[in-house]
$ cat target-v8.cif   # mmCIF, C-alpha atoms
data_query
#
loop_
_atom_site.label_atom_id
_atom_site.label_comp_id
_atom_site.auth_asym_id
_atom_site.auth_seq_id
_atom_site.Cartn_x
_atom_site.Cartn_y
_atom_site.Cartn_z
CA MET N 229 73.89 77.96 106.71
CA GLU N 230 74.91 77.44 103.06
CA THR N 231 76.88 80.65 102.55
CA ILE N 232 80.62 80.90 101.86
CA ILE N 233 82.31 83.98 103.26
CA THR N 234 85.54 85.13 101.60
CA ILE N 235 87.74 87.67 103.35
CA GLY N 236 90.38 89.90 101.77
CA ARG N 237 92.40 91.90 104.29
CA GLU N 238 95.07 94.51 104.75
CA PHE N 239 98.11 93.25 106.63
CA GLY N 240 97.71 93.89 110.37
CA SER N 241 94.00 94.74 110.14
CA GLY N 242 93.05 91.62 112.11
CA GLY N 243 91.15 90.22 109.13
CA ARG N 244 92.37 86.67 109.77
CA VAL N 245 91.42 86.71 113.47
CA ILE N 246 88.02 88.22 112.64
CA GLY N 247 87.47 85.51 110.01
CA LYS N 248 88.25 82.88 112.63
CA MET N 249 85.84 84.47 115.13
CA LEU N 250 83.16 84.58 112.43
CA ALA N 251 83.67 80.90 111.57
CA GLU N 252 83.32 80.03 115.27
CA ARG N 253 80.14 82.12 115.58
CA LEU N 254 78.64 80.42 112.53
CA GLN N 255 80.09 77.03 113.47
CA ILE N 256 81.57 76.50 110.02
CA PRO N 257 85.15 75.66 108.92
CA PHE N 258 87.85 78.31 108.57
CA TYR N 259 90.55 78.09 105.86
CA ASP N 260 93.73 80.10 105.57
CA LYS N 261 97.32 78.81 105.39
CA ASP N 262 95.99 75.26 105.52
CA LEU N 263 94.98 75.81 101.93
CA ILE N 264 98.65 75.82 101.04
CA ALA N 265 99.14 72.39 102.52
CA LEU N 266 96.09 71.05 100.70
CA ALA N 267 97.16 72.69 97.45
CA SER N 268 100.64 71.33 97.90
CA GLU N 269 99.37 67.77 98.24
CA ARG N 270 97.29 68.12 95.11
CA SER N 271 99.91 69.76 92.93
CA GLY N 272 102.72 67.48 94.03
CA LEU N 273 104.88 70.54 94.76
CA SER N 274 106.82 70.73 97.99
CA SER N 275 104.97 72.73 100.64
CA GLN N 276 108.17 74.65 101.51
CA LEU N 277 108.51 75.86 97.94
CA LEU N 278 104.84 76.79 97.78
CA GLU N 279 105.10 78.83 100.94
CA VAL N 280 107.75 80.98 99.27
CA VAL N 281 105.58 81.87 96.30
CA ASP N 282 102.21 82.03 98.10
CA GLU N 283 100.54 85.42 97.57
CA GLN N 284 103.76 86.81 96.12
CA PRO N 285 103.32 89.02 93.10
CA VAL N 286 104.79 88.11 89.79
CA SER N 287 107.58 90.54 88.90
CA LEU N 288 106.79 93.13 86.25
CA PHE N 289 109.09 91.41 83.76
CA LEU N 290 107.56 88.00 84.31
CA GLN N 291 104.09 89.52 84.32
CA THR N 292 104.82 90.99 80.88
CA CYS N 293 106.12 87.66 79.60
CA SER N 294 103.03 85.96 80.96
CA THR N 295 100.65 88.46 79.38
CA MET N 296 102.49 88.13 76.08
CA ALA N 297 102.20 84.38 76.23
CA PHE N 298 98.49 84.58 77.02
CA THR N 299 97.67 87.20 74.40
CA ALA N 300 99.78 85.73 71.65
CA GLY N 301 98.15 82.41 72.29
CA GLY N 302 101.25 80.84 70.88
CA ARG N 303 103.43 78.10 72.23
CA ILE N 304 105.84 80.37 74.09
CA SER N 305 107.22 78.41 77.01
CA LEU N 306 106.96 80.44 80.21
CA PRO N 307 109.85 80.86 82.63
CA THR N 308 109.85 78.38 85.52
CA GLU N 309 108.99 81.08 88.10
CA ILE N 310 105.75 82.00 86.31
CA SER N 311 104.85 78.44 86.00
CA LEU N 312 105.34 77.94 89.74
CA ASN N 313 103.22 80.98 90.70
CA ASP N 314 100.48 80.02 88.28
CA LYS N 315 100.65 76.38 89.28
CA LEU N 316 100.11 77.34 92.92
CA PHE N 317 97.28 79.71 92.02
CA PHE N 318 95.41 77.10 89.99
CA ALA N 319 96.07 74.38 92.58
CA GLN N 320 94.70 76.65 95.33
CA ALA N 321 91.74 77.63 93.14
CA GLU N 322 90.84 73.98 92.74
CA VAL N 323 91.14 73.39 96.48
CA ILE N 324 88.95 76.45 97.16
CA LYS N 325 86.27 75.22 94.74
CA ASN N 326 86.28 71.78 96.33
CA LEU N 327 86.03 73.23 99.84
CA ALA N 328 83.15 75.47 98.74
CA ALA N 329 81.39 72.44 97.26
CA GLU N 330 81.63 70.67 100.64
CA GLY N 331 79.60 73.37 102.40
CA PRO N 332 79.68 76.77 104.09
CA CYS N 333 83.04 78.07 105.31
CA VAL N 334 85.18 81.17 105.80
CA ILE N 335 88.16 81.52 103.42
CA VAL N 336 90.83 84.17 103.97
CA GLY N 337 92.88 85.58 101.09
CA ARG N 338 94.06 83.79 97.96
CA CYS N 339 91.55 85.50 95.62
CA ALA N 340 88.77 83.22 96.90
CA ASP N 341 86.15 85.85 95.96
CA TYR N 342 87.29 85.67 92.34
CA VAL N 343 87.71 81.90 92.30
CA LEU N 344 84.13 81.48 93.61
CA ARG N 345 82.59 84.21 91.43
CA ASP N 346 80.08 81.76 89.93
CA HIS N 347 79.14 80.15 93.25
CA SER N 348 75.47 80.70 94.13
CA LYS N 349 75.85 81.70 97.80
CA VAL N 350 78.99 83.62 98.54
CA VAL N 351 79.57 86.94 100.25
CA ASN N 352 82.84 88.81 99.74
CA VAL N 353 84.31 90.93 102.51
CA PHE N 354 87.36 93.20 102.72
CA ILE N 355 88.83 94.21 106.08
CA HIS N 356 91.08 97.22 106.46
CA ALA N 357 92.29 99.54 109.23
CA ASP N 358 94.33 102.69 109.55
CA LEU N 359 98.09 102.39 109.20
CA THR N 360 98.93 103.31 112.81
CA TYR N 361 96.74 100.50 114.17
CA ARG N 362 98.22 98.01 111.73
CA ILE N 363 101.79 98.99 112.58
CA GLU N 364 101.01 98.48 116.30
CA ARG N 365 99.58 95.04 115.58
CA ALA N 366 102.56 94.16 113.39
CA VAL N 367 104.84 94.93 116.35
CA ASN N 368 102.73 93.47 119.15
CA VAL N 369 101.06 90.49 117.47
CA TYR N 370 103.60 89.48 114.82
CA GLY N 371 106.70 90.57 116.72
CA ILE N 372 108.02 92.68 113.84
CA ASP N 373 110.84 95.12 114.70
CA ARG N 374 109.25 98.52 115.30
CA ARG N 375 111.76 100.25 113.03
CA LYS N 376 110.80 97.96 110.16
CA ALA N 377 107.08 97.61 110.88
CA ARG N 378 105.79 100.47 108.75
CA ASN N 379 107.76 99.29 105.75
CA THR N 380 106.71 95.63 106.25
CA VAL N 381 103.02 96.54 106.51
CA MET N 382 103.09 98.68 103.38
CA LYS N 383 105.18 96.21 101.37
CA THR N 384 102.98 93.26 102.32
CA ASP N 385 99.87 95.14 101.19
CA LYS N 386 101.55 96.09 97.95
CA LYS N 387 102.37 92.42 97.32
CA ARG N 388 98.82 91.36 98.15
CA ALA N 389 97.35 94.01 95.86
CA ASN N 390 99.67 93.05 92.99
CA TYR N 391 98.90 89.36 93.46
CA TYR N 392 95.14 89.98 93.60
CA ASN N 393 95.00 92.44 90.71
CA TYR N 394 97.18 90.22 88.53
CA TYR N 395 95.11 87.07 88.94
CA THR N 396 91.63 88.62 89.06
CA ASN N 397 91.85 91.72 86.87
CA ARG N 398 89.96 93.52 89.65
CA ASP N 399 91.04 96.27 92.05
CA TRP N 400 92.04 94.92 95.47
CA SER N 401 91.19 98.07 97.44
CA SER N 402 88.14 99.31 95.56
CA ALA N 403 84.82 99.36 97.45
CA GLN N 404 82.99 97.99 94.41
CA THR N 405 85.09 94.83 94.33
CA TYR N 406 83.39 93.50 97.48
CA ASP N 407 79.94 93.06 98.99
CA LEU N 408 81.11 94.68 102.20
CA CYS N 409 84.28 96.50 103.30
CA ILE N 410 84.87 97.47 106.90
CA ASP N 411 87.48 99.21 109.03
CA SER N 412 88.14 96.72 111.83
CA THR N 413 88.89 99.47 114.36
CA VAL N 414 85.35 100.88 114.19
CA LEU N 415 83.69 98.03 116.10
CA GLY N 416 86.83 96.10 117.16
CA PRO N 417 87.48 92.42 116.27
CA GLU N 418 84.50 90.89 118.14
CA GLY N 419 82.16 93.66 117.03
CA THR N 420 83.26 93.27 113.43
CA ALA N 421 82.76 89.49 113.59
CA ALA N 422 79.24 90.10 114.97
CA LEU N 423 78.42 92.49 112.13
CA LEU N 424 79.73 89.99 109.57
CA GLN N 425 77.56 87.31 111.19
CA HIS N 426 74.56 89.63 110.69
CA LEU N 427 75.61 89.99 107.02
CA ALA N 428 76.21 86.27 106.43
CA GLU N 429 72.90 85.28 108.03
CA GLY N 430 71.12 87.90 105.94
CA VAL N 431 72.67 86.54 102.75
CA ASP N 432 71.89 82.99 103.84
CA ALA N 433 68.21 83.84 104.33
CA ARG N 434 67.93 85.15 100.76
CA PRO N 435 66.11 82.93 98.30
CA SER N 436 68.60 81.08 96.07
CA GLY N 437 68.86 81.71 92.33
CA MET W 155 72.32 108.06 120.19
CA GLU W 156 75.06 110.66 119.67
CA THR W 157 76.47 109.33 116.41
CA ILE W 158 76.36 111.10 113.03
CA ILE W 159 76.12 108.79 110.01
CA THR W 160 77.38 110.12 106.68
CA ILE W 161 76.47 108.31 103.47
CA GLY W 162 78.25 108.51 100.14
CA ARG W 163 76.50 106.65 97.34
CA GLU W 164 76.65 105.61 93.72
CA PHE W 165 73.79 106.96 91.63
CA GLY W 166 70.90 104.50 91.58
CA SER W 167 72.26 102.36 94.42
CA GLY W 168 69.39 103.36 96.71
CA GLY W 169 71.79 105.05 99.13
CA ARG W 170 69.43 107.96 99.76
CA VAL W 171 66.43 105.74 100.48
CA ILE W 172 68.53 103.51 102.75
CA GLY W 173 69.77 106.61 104.60
CA LYS W 174 66.18 107.68 105.13
CA MET W 175 65.20 104.23 106.41
CA LEU W 176 68.17 104.29 108.75
CA ALA W 177 67.23 107.71 110.12
CA GLU W 178 63.69 106.43 110.76
CA ARG W 179 65.00 103.32 112.50
CA LEU W 180 67.26 105.43 114.72
CA GLN W 181 64.65 108.19 115.08
CA ILE W 182 67.11 110.90 114.12
CA PRO W 183 66.94 113.62 111.42
CA PHE W 184 67.83 112.96 107.78
CA TYR W 185 69.53 115.59 105.59
CA ASP W 186 69.99 115.60 101.86
CA LYS W 187 68.79 118.21 99.33
CA ASP W 188 67.42 120.26 102.18
CA LEU W 189 71.02 121.16 102.88
CA ILE W 190 71.01 123.16 99.69
CA ALA W 191 68.15 125.29 100.87
CA LEU W 192 69.81 125.88 104.22
CA ALA W 193 73.13 126.65 102.57
CA SER W 194 71.42 128.96 100.17
CA GLU W 195 69.86 130.98 102.95
CA ARG W 196 73.21 131.32 104.68
CA SER W 197 75.27 132.23 101.63
CA GLY W 198 72.70 134.65 100.23
CA LEU W 199 72.91 132.89 96.84
CA SER W 200 69.76 132.00 94.98
CA SER W 201 68.68 128.42 95.58
CA GLN W 202 68.10 127.90 91.85
CA LEU W 203 71.67 128.85 91.07
CA LEU W 204 72.98 126.64 93.86
CA GLU W 205 71.06 123.69 92.57
CA VAL W 206 72.89 124.00 89.26
CA VAL W 207 76.35 123.81 90.83
CA ASP W 208 75.55 121.37 93.66
CA GLU W 209 77.83 118.31 93.52
CA GLN W 210 79.02 119.36 90.07
CA PRO W 211 82.71 118.94 89.46
CA VAL W 212 84.93 121.84 88.70
CA SER W 213 86.18 121.62 85.10
CA LEU W 214 89.78 120.56 84.65
CA PHE W 215 90.76 124.04 83.54
CA LEU W 216 89.13 125.73 86.49
CA GLN W 217 90.51 123.04 88.80
CA THR W 218 94.01 123.85 87.58
CA CYS W 219 93.43 127.59 88.08
CA SER W 220 92.14 126.89 91.55
CA THR W 221 95.08 124.68 92.50
CA MET W 222 97.44 127.33 91.18
CA ALA W 223 95.73 129.97 93.22
CA PHE W 224 95.86 127.81 96.36
CA THR W 225 99.46 126.73 95.90
CA ALA W 226 100.77 130.11 94.87
CA GLY W 227 99.12 131.58 97.91
CA GLY W 228 99.08 134.84 96.03
CA ARG W 229 96.28 137.23 95.39
CA ILE W 230 95.13 135.66 92.13
CA SER W 231 91.46 136.41 91.71
CA LEU W 232 89.56 133.21 90.88
CA PRO W 233 87.07 132.98 88.02
CA THR W 234 83.45 133.51 89.05
CA GLU W 235 82.55 129.82 88.46
CA ILE W 236 85.15 128.62 90.93
CA SER W 237 84.03 131.12 93.42
CA LEU W 238 80.45 129.89 93.11
CA ASN W 239 81.36 126.22 93.49
CA ASP W 240 83.64 126.92 96.41
CA LYS W 241 81.13 129.29 97.98
CA LEU W 242 78.48 126.55 97.90
CA PHE W 243 80.92 123.96 99.25
CA PHE W 244 81.95 126.11 102.20
CA ALA W 245 78.36 127.22 102.87
CA GLN W 246 77.22 123.58 102.91
CA ALA W 247 80.20 122.60 105.07
CA GLU W 248 79.16 125.19 107.63
CA VAL W 249 75.56 123.97 107.56
CA ILE W 250 76.76 120.36 107.99
CA LYS W 251 78.92 121.30 110.98
CA ASN W 252 76.03 123.16 112.60
CA LEU W 253 73.63 120.26 112.04
CA ALA W 254 76.19 117.84 113.50
CA ALA W 255 76.54 120.08 116.54
CA GLU W 256 72.78 119.91 117.10
CA GLY W 257 72.83 116.12 117.54
CA PRO W 258 72.83 112.76 115.79
CA CYS W 259 71.61 112.61 112.19
CA VAL W 260 72.06 110.95 108.80
CA ILE W 261 73.66 113.13 106.09
CA VAL W 262 73.75 112.00 102.46
CA GLY W 263 76.46 113.21 100.05
CA ARG W 264 78.17 116.59 99.96
CA CYS W 265 81.49 115.33 101.39
CA ALA W 266 79.96 115.25 104.88
CA ASP W 267 82.49 112.56 105.95
CA TYR W 268 85.34 114.94 105.12
CA VAL W 269 83.65 118.01 106.58
CA LEU W 270 83.08 116.15 109.87
CA ARG W 271 86.50 114.45 109.97
CA ASP W 272 87.29 115.95 113.38
CA HIS W 273 83.89 115.18 114.90
CA SER W 274 84.16 112.74 117.81
CA LYS W 275 81.31 110.38 116.91
CA VAL W 276 80.81 109.92 113.23
CA VAL W 277 80.61 106.82 111.07
CA ASN W 278 81.18 107.05 107.32
CA VAL W 279 79.36 104.74 104.94
CA PHE W 280 79.51 104.24 101.16
CA ILE W 281 76.69 102.48 99.31
CA HIS W 282 77.17 100.98 95.86
CA ALA W 283 75.50 98.40 93.62
CA ASP W 284 76.15 96.74 90.30
CA LEU W 285 75.51 98.77 87.18
CA THR W 286 72.56 96.69 85.90
CA TYR W 287 70.63 97.22 89.14
CA ARG W 288 71.37 100.94 89.10
CA ILE W 289 70.27 101.32 85.50
CA GLU W 290 66.98 99.58 86.34
CA ARG W 291 66.43 101.92 89.26
CA ALA W 292 67.31 104.94 87.14
CA VAL W 293 64.57 103.92 84.72
CA ASN W 294 61.94 102.74 87.20
CA VAL W 295 62.47 105.10 90.14
CA TYR W 296 63.81 108.24 88.48
CA GLY W 297 61.95 107.84 85.17
CA ILE W 298 65.09 108.21 83.07
CA ASP W 299 64.80 107.18 79.41
CA ARG W 300 66.10 103.60 79.14
CA ARG W 301 68.28 104.48 76.15
CA LYS W 302 70.01 107.18 78.16
CA ALA W 303 70.03 105.48 81.58
CA ARG W 304 73.43 103.77 81.37
CA ASN W 305 75.10 106.98 80.30
CA THR W 306 73.31 109.06 82.96
CA VAL W 307 74.28 106.64 85.75
CA MET W 308 77.92 106.57 84.74
CA LYS W 309 78.18 110.31 84.14
CA THR W 310 76.53 111.14 87.47
CA ASP W 311 79.00 108.91 89.31
CA LYS W 312 81.90 110.46 87.47
CA LYS W 313 80.69 113.92 88.53
CA ARG W 314 80.25 112.80 92.14
CA ALA W 315 83.72 111.24 92.19
CA ASN W 316 85.32 114.38 90.70
CA TYR W 317 83.48 116.62 93.16
CA TYR W 318 84.42 114.46 96.13
CA ASN W 319 88.06 113.91 95.13
CA TYR W 320 88.53 117.61 94.37
CA TYR W 321 87.24 118.90 97.68
CA THR W 322 88.56 116.15 99.98
CA ASN W 323 91.78 114.96 98.35
CA ARG W 324 90.52 111.43 99.05
CA ASP W 325 89.39 108.64 96.72
CA TRP W 326 85.59 108.45 96.41
CA SER W 327 85.43 104.74 95.57
CA SER W 328 88.27 103.39 97.69
CA ALA W 329 87.34 101.01 100.52
CA GLN W 330 89.80 102.71 102.87
CA THR W 331 88.04 106.07 102.56
CA TYR W 332 85.07 104.82 104.62
CA ASP W 333 84.31 102.94 107.80
CA LEU W 334 81.94 100.66 105.92
CA CYS W 335 81.10 100.11 102.24
CA ILE W 336 78.24 97.90 101.17
CA ASP W 337 76.57 96.68 98.00
CA SER W 338 72.89 97.49 98.56
CA THR W 339 71.71 94.50 96.50
CA VAL W 340 73.23 91.98 98.92
CA LEU W 341 70.68 92.51 101.71
CA GLY W 342 68.25 94.82 99.88
CA PRO W 343 67.29 98.33 101.09
CA GLU W 344 65.63 97.30 104.40
CA GLY W 345 68.31 94.70 105.14
CA THR W 346 71.06 97.24 104.44
CA ALA W 347 69.38 99.81 106.71
CA ALA W 348 69.19 97.14 109.46
CA LEU W 349 72.90 96.35 109.09
CA LEU W 350 73.76 100.06 109.23
CA GLN W 351 71.65 100.38 112.36
CA HIS W 352 73.73 97.56 113.89
CA LEU W 353 76.88 99.50 112.88
CA ALA W 354 75.66 102.88 114.18
CA GLU W 355 74.54 101.43 117.51
CA GLY W 356 77.89 99.67 117.86
CA VAL W 357 79.76 102.93 117.23
CA ASP W 358 77.43 104.76 119.60
CA ALA W 359 78.15 102.28 122.40
CA ARG W 360 81.91 102.89 122.09
CA PRO W 361 83.49 104.98 124.80
CA SER W 362 84.15 108.53 123.56
CA GLY W 363 87.70 109.73 123.24
#
$ encode --input "target-v8.cif" --output "structure tokens"
Amino acid sequence: METIITIGREFGSGGRVIGKMLAERLQIPFYDKDLIALASERSGLSSQLLEVVDEQPVSLFLQTCSTMAFTAGGRISLPTEISLNDKLFFAQAEVIKNLAAEGPCVIVGRCADYVLRDHSKVVNVFIHADLTYRIERAVNVYGIDRRKARNTVMKTDKKRANYYNYYTNRDWSSAQTYDLCIDSTVLGPEGTAALLQHLAEGVDARPSG
Amino acid sequence: METIITIGREFGSGGRVIGKMLAERLQIPFYDKDLIALASERSGLSSQLLEVVDEQPVSLFLQTCSTMAFTAGGRISLPTEISLNDKLFFAQAEVIKNLAAEGPCVIVGRCADYVLRDHSKVVNVFIHADLTYRIERAVNVYGIDRRKARNTVMKTDKKRANYYNYYTNRDWSSAQTYDLCIDSTVLGPEGTAALLQHLAEGVDARPSG
């Protein structure tokens, strides 16, 4: 196996668990939050601080400032918050590239599909599920208050979409963004992991180049 | 096998061919353009006329008239064009429901996923591919003039999206609209059909309910 599998996921869809199952099936490493720790070490930023900004969208105002700075190409100094978000993104991107260079693995979130867009063997997956299922998982798996669960699920996805769209200039929930998108409730977590194994092995068997 | 597989597809992605391969693998019927003939017989409209309006979007003006008529709930008489489009849609929808009632099958296009939304065993697939690949197929498989191929591919998809979004109130190219979306170039036509077989058999093995 040489293939890297990246997984984007809706909150509560079970994408992380499925990614872990897939990594176990393929006997390759699995990377998720650990990336933050690695990125933290590299960037010299405190891991606590990084956890606060991880996968958080840049506010519209800051986003505008950032775009202005990029497009103007001038020497506008960006606000500290932008700098922190961007610093984490680029630190994580470097970690992701280094991990990918080490060999096959499963990477969840953090725009890994975009970061590895020039990698020769990578397959990009998006996992989603209907809102009712995700609310149930938010309550039962993450222990989120039932009254707040719907709001938390929807807000988290909005943040993920904003973060992804901002850094990649792609559309987080568009079918065309990924090699494969799947509703995790159709085959269940194990069944989905098995189908993704089928996909990854198929990609791996392809001639390189 | 009890499961119905519906396939939406970008023009030139090979979705139709893959659907046919899948039907052969599962030894179940495959329906595509034939639906038009069946629908034609039922509706009493000429098949030539139906072919002209099949999967063609309603113009923005007519769409607005139609929405007005629906929302007003009054006795506004719709323009003939609307009536023809809608007549075909509802005739095809009835044919699709009858075919689904007969047993498992593969149905390509014509909002079959939406028409069969209340069916107990159905799995909805969307097949896409990058533009370069689709342009090549448009030229080599459909014999479209190379100079016009890019435009034809993009226009056809725009028409399909408008048609789908108008009749279903869903988003044609959103990952969440389908159970599974796949780029047909990742595993190739046969490989994609094999993966869809894996999916369909998994869905079929699920307890009903």
$ closest_residue --input "target-v8.cif" --among "N:Glu238, N:Tyr395, N:Gly331, N:Val367" --to "chain W" --atoms "all atoms listed in the file"
N:Glu238
$ closest_atom_pairs --input "target-v8.cif" --of "chain N" --to "chain W" --cutoff "7 Å" --atoms "only C-alpha atoms" --output "CSV"
residue,atom,partner,partner_atom,distance
N:His356,CA,W:Gln330,CA,6.7
N:Ser401,CA,W:Ala329,CA,5.7
N:Ser402,CA,W:Ser328,CA,4.6
N:Ala403,CA,W:Ala329,CA,4.3
N:Gln404,CA,W:His282,CA,6.7
N:Asp407,CA,W:Asp337,CA,5.0
N:Leu408,CA,W:Ile336,CA,4.4
N:Cys409,CA,W:Cys335,CA,4.9
N:Ile410,CA,W:Leu334,CA,4.4
N:Asp411,CA,W:Asp333,CA,5.0
N:Val414,CA,W:Val357,CA,6.7
N:Leu415,CA,W:Gly356,CA,6.3
N:Gly430,CA,W:Leu341,CA,6.3
N:Val431,CA,W:Leu341,CA,6.4
$ atom_distance --input "target-v8.cif" --atom1 "CA of Ile235 in chain N" --atom2 "CA of Ala177 in chain W"
29.5 Å
$ resolve_selection --input "target-v8.cif" --expression "the PyMOL selection byres ((chain W and resi 252) around 12)" --output "ChimeraX atom specification"
/W:189,192-193,196,245-251,253-259,266,269-270,273
$ atom_distance --input "target-v8.cif" --atom1 "CA of Cys339 in chain N" --atom2 "CA of Gly243 in chain N"
14.3 Å
$ atom_distance --input "target-v8.cif" --atom1 "CA of Ala421 in chain N" --atom2 "CA of Arg345 in chain N"
22.8 Å
$ resolve_selection --input "target-v8.cif" --expression "the PyMOL selection byres ((chain W and resi 307) around 12)" --output "PyMOL selection string"
chain W and resi 163-167+282-293+296+298-306+308-314
$ axis_aligned_box --input "target-v8.cif" --around "range 175-185 of chain W" --padding-each-side "8 Å" --output "JSON"
{"center_x": 66.6, "center_y": 109.5, "center_z": 110.3, "size_x": 21.8, "size_y": 28.3, "size_z": 25.5}
$ resolve_selection --input "target-v8.cif" --expression "the PyMOL selection byres ((chain W and resi 182) around 10)" --output "list in words"
Met155, Glu156, Thr157, Ile158, Lys174, Leu176, Ala177, Glu178, Arg179, Leu180, Gln181, Pro183, Phe184, Gly257, Pro258, Cys259 and Val260 of chain W
$ residues_around --input "target-v8.cif" --residues "Asp282 in chain N" --least-positions-apart "5" --cutoff "10 Å" --atoms "only C-alpha atoms" --output "list of chain:residue names"
N:Lys261, N:Ile264, N:Leu277, N:Leu312, N:Asn313, N:Leu316, N:Phe317, N:Gln320, N:Arg338, N:Arg388, N:Tyr391
